[in-house]
Each structure stands twice: as structure tokens, then as C-alpha cells.
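Since the structure comes first, as C-alpha cells, the remarks are kept for the end.
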Amino acid sequence: MLLPHDEFAFAELKSEGKEQQLRLVFAMHEVLVRGHSLRRIETAMQRSELSLLTALSDKQRSLIPDGQPVVLEIVVTEANTQEEQHPNGSQ
């Protein structure tokens with residue numbers, strides 16, 4: 001899915017134990033990224049430098065050095081779907 005940088009609103013990074021969750025909010029979509037060392041991805045997105053984001057398979061993960069970003073899962077939802085899930089307007 002292609003999401004234009006000019007529709008990017010903000011990013012929010014949360015840590016849950018060893019894993020992190022990065023929330024990328026666009027005008028019409030929200031992207032939730034689950035993984036490790038996601039701060040670099042957050043920074044690249046805020047600088048409009050991120051061009052591709054993909055989850056790695058189990059085999060690929062073992063090849064990534066410690067401290068480098070590792071994406072375990074990506075979930076994309078449309079903004080109107082998100083509003084239904086959060087009726088109080090909190091997204």
C-alpha cells in the first residue's frame with residue numbers, strides 16, 4: 001500500500017516489554033507496526049525518508065544485527081474504520 005508523506009500526521013511509539021508498537025497516523029489510514037528498535041523507523045517517517053516498510057519472516061529476522069529495526073507485523077486500517085473502533089474520537 002502506498003501512503004503519501006504529505007498525508008502523514010504523526011507517529012507514536014510505545015514499548016510493551018521487549019516489543020514496541022509504532023503507530024503512524026495518516027489523513028485516511030492508520031498503520032500499526034509491531035517489532036523491535038522501531039525508533040529509527042519513526043524518525044525516518046517524520047523526516048519523510050521512509051520509502052518501504054515490510055515485515056520480516058522468521059528466517060530473515062535472525063540475519064538482522066542487534067539494535068537494527070525488526071518489523072514483526074504491520075496492520076493498516078482506514079480512518080473511518082478506526083472511528084468505529086474508538087467512538088470517543090481517541091485514535
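Order determines the names: the first chain of the C-alpha cells is A, the second B, and so forth; residues in each chain are numbered 1 upward, and ligands are numbered 1 upward as they are shown.
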Q: Skip segment 13-24 of chain A itself and residues of its chain fewer than 2 positions away, then list as an MDAnalysis selection string all residues within 6 Å of it, counting only C-alpha atoms.
A: chainID A and resid 11 30:36
Generate a file of the selected residues that holds all heavy atoms, formatted as an mmCIF file, in the first residue's frame.
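Result saved to selection-v1.cif:
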data_model
loop_
_atom_site.group_PDB
_atom_site.id
_atom_site.type_symbol
_atom_site.label_atom_id
_atom_site.label_comp_id
_atom_site.auth_asym_id
_atom_site.auth_seq_id
_atom_site.Cartn_x
_atom_site.Cartn_y
_atom_site.Cartn_z
ATOM 1 N N ALA A 11 3.409 10.313 14.512
ATOM 2 C CA ALA A 11 3.814 8.972 14.917
ATOM 3 C C ALA A 11 3.817 8.895 16.436
ATOM 4 O O ALA A 11 4.069 9.892 17.122
ATOM 5 C CB ALA A 11 5.206 8.653 14.381
ATOM 6 N N GLU A 30 -4.393 4.480 9.259
ATOM 7 C CA GLU A 30 -3.524 4.330 10.421
ATOM 8 C C GLU A 30 -2.737 3.041 10.234
ATOM 9 O O GLU A 30 -3.292 2.018 9.852
ATOM 10 C CB GLU A 30 -4.342 4.268 11.704
ATOM 11 C CG GLU A 30 -3.480 4.149 12.941
ATOM 12 C CD GLU A 30 -4.279 4.245 14.221
ATOM 13 O OE1 GLU A 30 -4.958 5.265 14.416
ATOM 14 O OE2 GLU A 30 -4.227 3.283 15.003
ATOM 15 N N VAL A 31 -1.435 3.115 10.492
ATOM 16 C CA VAL A 31 -0.558 1.961 10.344
ATOM 17 C C VAL A 31 0.007 1.618 11.717
ATOM 18 O O VAL A 31 0.604 2.471 12.378
ATOM 19 C CB VAL A 31 0.600 2.264 9.361
ATOM 20 C CG1 VAL A 31 1.505 1.058 9.224
ATOM 21 C CG2 VAL A 31 0.058 2.718 8.012
ATOM 22 N N LEU A 32 -0.205 0.379 12.162
ATOM 23 C CA LEU A 32 0.365 -0.103 13.409
ATOM 24 C C LEU A 32 1.483 -1.076 13.064
ATOM 25 O O LEU A 32 1.266 -2.045 12.334
ATOM 26 C CB LEU A 32 -0.689 -0.794 14.267
ATOM 27 C CG LEU A 32 -1.789 0.111 14.804
ATOM 28 C CD1 LEU A 32 -2.841 -0.713 15.543
ATOM 29 C CD2 LEU A 32 -1.217 1.174 15.727
ATOM 30 N N VAL A 33 2.668 -0.793 13.583
ATOM 31 C CA VAL A 33 3.844 -1.606 13.326
ATOM 32 C C VAL A 33 4.299 -2.199 14.650
ATOM 33 O O VAL A 33 4.502 -1.470 15.620
ATOM 34 C CB VAL A 33 4.990 -0.766 12.712
ATOM 35 C CG1 VAL A 33 6.211 -1.618 12.430
ATOM 36 C CG2 VAL A 33 4.512 -0.051 11.450
ATOM 37 N N ARG A 34 4.458 -3.517 14.690
ATOM 38 C CA ARG A 34 4.920 -4.194 15.898
ATOM 39 C C ARG A 34 6.298 -4.757 15.614
ATOM 40 O O ARG A 34 6.533 -5.351 14.549
ATOM 41 C CB ARG A 34 3.946 -5.320 16.262
ATOM 42 C CG ARG A 34 4.220 -5.978 17.593
ATOM 43 C CD ARG A 34 3.130 -6.998 17.916
ATOM 44 N NE ARG A 34 2.962 -8.028 16.916
ATOM 45 C CZ ARG A 34 3.681 -9.155 16.857
ATOM 46 N NH1 ARG A 34 4.621 -9.398 17.733
ATOM 47 N NH2 ARG A 34 3.447 -10.031 15.901
ATOM 48 N N GLY A 35 7.255 -4.533 16.539
ATOM 49 C CA GLY A 35 8.598 -5.047 16.321
ATOM 50 C C GLY A 35 9.572 -4.597 17.388
ATOM 51 O O GLY A 35 9.199 -4.334 18.525
ATOM 52 N N HIS A 36 10.844 -4.486 16.992
ATOM 53 C CA HIS A 36 11.939 -4.116 17.891
ATOM 54 C C HIS A 36 12.738 -2.976 17.278
ATOM 55 O O HIS A 36 12.857 -2.883 16.056
ATOM 56 C CB HIS A 36 12.889 -5.307 18.116
ATOM 57 C CG HIS A 36 12.196 -6.537 18.601
ATOM 58 N ND1 HIS A 36 11.841 -6.725 19.914
ATOM 59 C CD2 HIS A 36 11.785 -7.645 17.947
ATOM 60 C CE1 HIS A 36 11.248 -7.905 20.046
ATOM 61 N NE2 HIS A 36 11.191 -8.481 18.858
#
**Q.** Contact residues around Met1 of chain A with only C-alpha atoms at 10 Å, ignoring same-chain residues under 2 positions, as JSON, numbers by chain
**A.** {"A": [3, 4, 52, 53, 76]}
Q) If you count only C-alpha atoms, which residues fall within 10 Å of Arg40 of chain A, apart from same-chain ones fewer than 4 positions away, as a list of chain:residue names? A) A:Ala44, A:Met45, A:Gln46, A:Leu50, A:Gly67, A:Gln68, A:Pro69
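Nearest to Leu38 of chain A of all the residues A:Thr77, A:Val70, A:Glu12, A:Thr54 is A:Val70, based on only C-alpha atoms.
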Q: Give the strand (DSSP E) residues of chain A, as DSSP finds them on the backbone, and put them as a PyMOL selection string.
A: chain A and resi 8-16+19-26+29-36+70-78
Same residues, N, CA and C atoms, output as a tab-separated table (two decimals), in the first residue's frame:
chain	number	residue	atom	x	y	z
A	8	PHE	N	0.83	12.26	6.00
A	8	PHE	CA	1.30	11.81	7.31
A	8	PHE	C	1.01	12.88	8.35
A	9	ALA	N	0.36	12.49	9.46
A	9	ALA	CA	0.02	13.43	10.52
A	9	ALA	C	0.99	13.35	11.69
A	10	PHE	N	1.16	12.14	12.27
A	10	PHE	CA	2.08	12.00	13.40
A	10	PHE	C	2.40	10.53	13.66
A	11	ALA	N	3.41	10.31	14.51
A	11	ALA	CA	3.81	8.97	14.92
A	11	ALA	C	3.82	8.89	16.44
A	12	GLU	N	3.55	7.70	16.94
A	12	GLU	CA	3.55	7.47	18.38
A	12	GLU	C	4.21	6.11	18.63
A	13	LEU	N	5.22	6.10	19.49
A	13	LEU	CA	5.96	4.87	19.79
A	13	LEU	C	5.71	4.46	21.23
A	14	LYS	N	5.30	3.19	21.41
A	14	LYS	CA	5.06	2.65	22.75
A	14	LYS	C	5.85	1.37	22.93
A	15	SER	N	6.38	1.17	24.13
A	15	SER	CA	7.09	-0.07	24.44
A	15	SER	C	6.21	-0.95	25.31
A	16	GLU	N	6.18	-2.22	24.95
A	16	GLU	CA	5.42	-3.21	25.70
A	16	GLU	C	6.35	-4.39	25.97
A	19	GLU	N	8.95	-5.84	23.13
A	19	GLU	CA	8.42	-5.39	21.84
A	19	GLU	C	8.00	-3.92	21.90
A	20	GLN	N	7.98	-3.31	20.74
A	20	GLN	CA	7.49	-1.95	20.60
A	20	GLN	C	6.35	-1.92	19.61
A	21	GLN	N	5.51	-0.90	19.75
A	21	GLN	CA	4.42	-0.69	18.80
A	21	GLN	C	4.52	0.75	18.32
A	22	LEU	N	4.62	0.91	17.01
A	22	LEU	CA	4.71	2.22	16.38
A	22	LEU	C	3.41	2.48	15.64
A	23	ARG	N	2.79	3.59	15.96
A	23	ARG	CA	1.53	4.00	15.33
A	23	ARG	C	1.83	5.17	14.40
A	24	LEU	N	1.55	4.99	13.12
A	24	LEU	CA	1.74	6.02	12.11
A	24	LEU	C	0.36	6.45	11.63
A	25	VAL	N	0.02	7.71	11.84
A	25	VAL	CA	-1.31	8.21	11.50
A	25	VAL	C	-1.23	9.09	10.27
A	26	PHE	N	-2.04	8.72	9.28
A	26	PHE	CA	-2.15	9.47	8.02
A	26	PHE	C	-3.55	10.06	7.94
A	29	HIS	N	-5.62	6.83	6.81
A	29	HIS	CA	-5.22	5.50	7.27
A	29	HIS	C	-4.41	5.58	8.56
A	30	GLU	N	-4.39	4.48	9.26
A	30	GLU	CA	-3.52	4.33	10.42
A	30	GLU	C	-2.74	3.04	10.23
A	31	VAL	N	-1.43	3.12	10.49
A	31	VAL	CA	-0.56	1.96	10.34
A	31	VAL	C	0.01	1.62	11.72
A	32	LEU	N	-0.20	0.38	12.16
A	32	LEU	CA	0.37	-0.10	13.41
A	32	LEU	C	1.48	-1.08	13.06
A	33	VAL	N	2.67	-0.79	13.58
A	33	VAL	CA	3.84	-1.61	13.33
A	33	VAL	C	4.30	-2.20	14.65
A	34	ARG	N	4.46	-3.52	14.69
A	34	ARG	CA	4.92	-4.19	15.90
A	34	ARG	C	6.30	-4.76	15.61
A	35	GLY	N	7.25	-4.53	16.54
A	35	GLY	CA	8.60	-5.05	16.32
A	35	GLY	C	9.57	-4.60	17.39
A	36	HIS	N	10.84	-4.49	16.99
A	36	HIS	CA	11.94	-4.12	17.89
A	36	HIS	C	12.74	-2.98	17.28
A	70	VAL	N	13.47	-4.26	13.49
A	70	VAL	CA	12.90	-5.52	13.04
A	70	VAL	C	11.39	-5.39	13.11
A	71	VAL	N	10.72	-5.52	11.97
A	71	VAL	CA	9.26	-5.41	11.92
A	71	VAL	C	8.68	-6.82	11.93
A	72	LEU	N	7.83	-7.08	12.94
A	72	LEU	CA	7.20	-8.38	13.09
A	72	LEU	C	5.83	-8.42	12.42
A	73	GLU	N	5.12	-7.28	12.46
A	73	GLU	CA	3.75	-7.24	11.93
A	73	GLU	C	3.40	-5.81	11.55
A	74	ILE	N	2.62	-5.67	10.48
A	74	ILE	CA	2.09	-4.38	10.04
A	74	ILE	C	0.59	-4.54	9.83
A	75	VAL	N	-0.18	-3.63	10.46
A	75	VAL	CA	-1.64	-3.64	10.30
A	75	VAL	C	-2.06	-2.25	9.83
A	76	VAL	N	-2.78	-2.19	8.71
A	76	VAL	CA	-3.25	-0.92	8.16
A	76	VAL	C	-4.77	-0.90	8.25
A	77	THR	N	-5.31	0.20	8.80
A	77	THR	CA	-6.77	0.37	8.85
A	77	THR	C	-7.13	1.73	8.26
A	78	GLU	N	-8.33	1.80	7.71
A	78	GLU	CA	-8.82	3.07	7.18
A	78	GLU	C	-9.32	3.93	8.33
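Distance annotation: of A:Arg47, A:Ala79, A:Arg39, A:Ala27, the residue with the minimal separation from Glu7 of chain A is A:Ala27; atom set is only C-alpha atoms.
For the pair atom CA of Leu2 of chain A and atom CA of Asp66 of chain A, the separation is 28.6 Å.
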Identify, with DSSP run on backbone atoms, the residues in chain A assigned to helix (DSSP H, G or I), and express the list as a compact mmCIF listing (two decimals) with N, CA, C and O atoms, in the first residue's frame.
# COMPACT_ATOMS: atom_id res chain seq x y z
N HIS A 5 3.66 10.80 1.86
CA HIS A 5 4.22 11.51 3.01
C HIS A 5 3.41 12.77 3.34
O HIS A 5 3.31 13.14 4.52
N ASP A 6 2.83 13.42 2.34
CA ASP A 6 2.10 14.66 2.62
C ASP A 6 0.79 14.40 3.37
O ASP A 6 0.17 15.34 3.87
N GLU A 7 0.37 13.14 3.50
CA GLU A 7 -0.82 12.80 4.29
C GLU A 7 -0.46 12.31 5.69
O GLU A 7 -1.33 12.00 6.49
N ARG A 39 12.42 2.98 16.81
CA ARG A 39 12.68 4.42 16.87
C ARG A 39 13.26 4.93 15.55
O ARG A 39 12.90 6.00 15.08
N ARG A 40 14.13 4.16 14.92
CA ARG A 40 14.72 4.59 13.64
C ARG A 40 13.67 4.71 12.54
O ARG A 40 13.74 5.59 11.69
N ILE A 41 12.70 3.82 12.57
CA ILE A 41 11.61 3.88 11.59
C ILE A 41 10.76 5.12 11.86
O ILE A 41 10.38 5.83 10.93
N GLU A 42 10.47 5.40 13.12
CA GLU A 42 9.71 6.60 13.48
C GLU A 42 10.42 7.86 12.99
O GLU A 42 9.81 8.73 12.37
N THR A 43 11.72 7.94 13.24
CA THR A 43 12.50 9.10 12.82
C THR A 43 12.52 9.24 11.30
O THR A 43 12.33 10.34 10.77
N ALA A 44 12.72 8.14 10.59
CA ALA A 44 12.73 8.19 9.12
C ALA A 44 11.39 8.65 8.59
O ALA A 44 11.33 9.41 7.61
N MET A 45 10.32 8.21 9.20
CA MET A 45 8.98 8.63 8.75
C MET A 45 8.78 10.12 8.98
O MET A 45 8.27 10.83 8.11
N GLN A 46 9.16 10.61 10.14
CA GLN A 46 9.00 12.03 10.45
C GLN A 46 9.83 12.92 9.54
O GLN A 46 9.46 14.06 9.28
N ASP A 58 10.57 -15.28 9.83
CA ASP A 58 11.40 -15.82 10.91
C ASP A 58 12.84 -16.04 10.45
O ASP A 58 13.78 -15.75 11.18
N LYS A 59 13.02 -16.54 9.24
CA LYS A 59 14.36 -16.81 8.70
C LYS A 59 15.15 -15.51 8.54
O LYS A 59 16.34 -15.46 8.82
N GLN A 60 14.51 -14.45 8.08
CA GLN A 60 15.18 -13.17 7.85
C GLN A 60 15.55 -12.49 9.16
O GLN A 60 16.57 -11.81 9.24
N ARG A 61 14.74 -12.64 10.19
CA ARG A 61 14.98 -11.95 11.47
C ARG A 61 16.32 -12.31 12.08
O ARG A 61 16.98 -11.47 12.68
N ALA A 79 -9.27 5.25 8.17
CA ALA A 79 -9.65 6.17 9.24
C ALA A 79 -11.10 5.97 9.68
O ALA A 79 -11.39 5.98 10.86
N ASN A 80 -12.02 5.74 8.74
CA ASN A 80 -13.43 5.57 9.12
C ASN A 80 -13.62 4.29 9.93
O ASN A 80 -14.45 4.23 10.82
N THR A 81 -12.83 3.25 9.65
CA THR A 81 -12.88 2.01 10.44
C THR A 81 -12.38 2.29 11.84
O THR A 81 -12.95 1.82 12.82
N GLN A 82 -11.34 3.09 11.96
CA GLN A 82 -10.75 3.43 13.25
C GLN A 82 -11.76 4.20 14.10
O GLN A 82 -11.86 3.98 15.29
N GLU A 83 -12.53 5.10 13.51
CA GLU A 83 -13.52 5.87 14.26
C GLU A 83 -14.58 4.97 14.84
O GLU A 83 -15.06 5.19 15.94
N GLU A 84 -14.95 3.92 14.12
CA GLU A 84 -15.94 2.98 14.63
C GLU A 84 -15.40 2.24 15.84
O GLU A 84 -16.12 1.95 16.77
N GLN A 85 -14.09 1.94 15.85
CA GLN A 85 -13.49 1.22 16.96
C GLN A 85 -13.30 2.12 18.18
O GLN A 85 -13.28 1.66 19.30
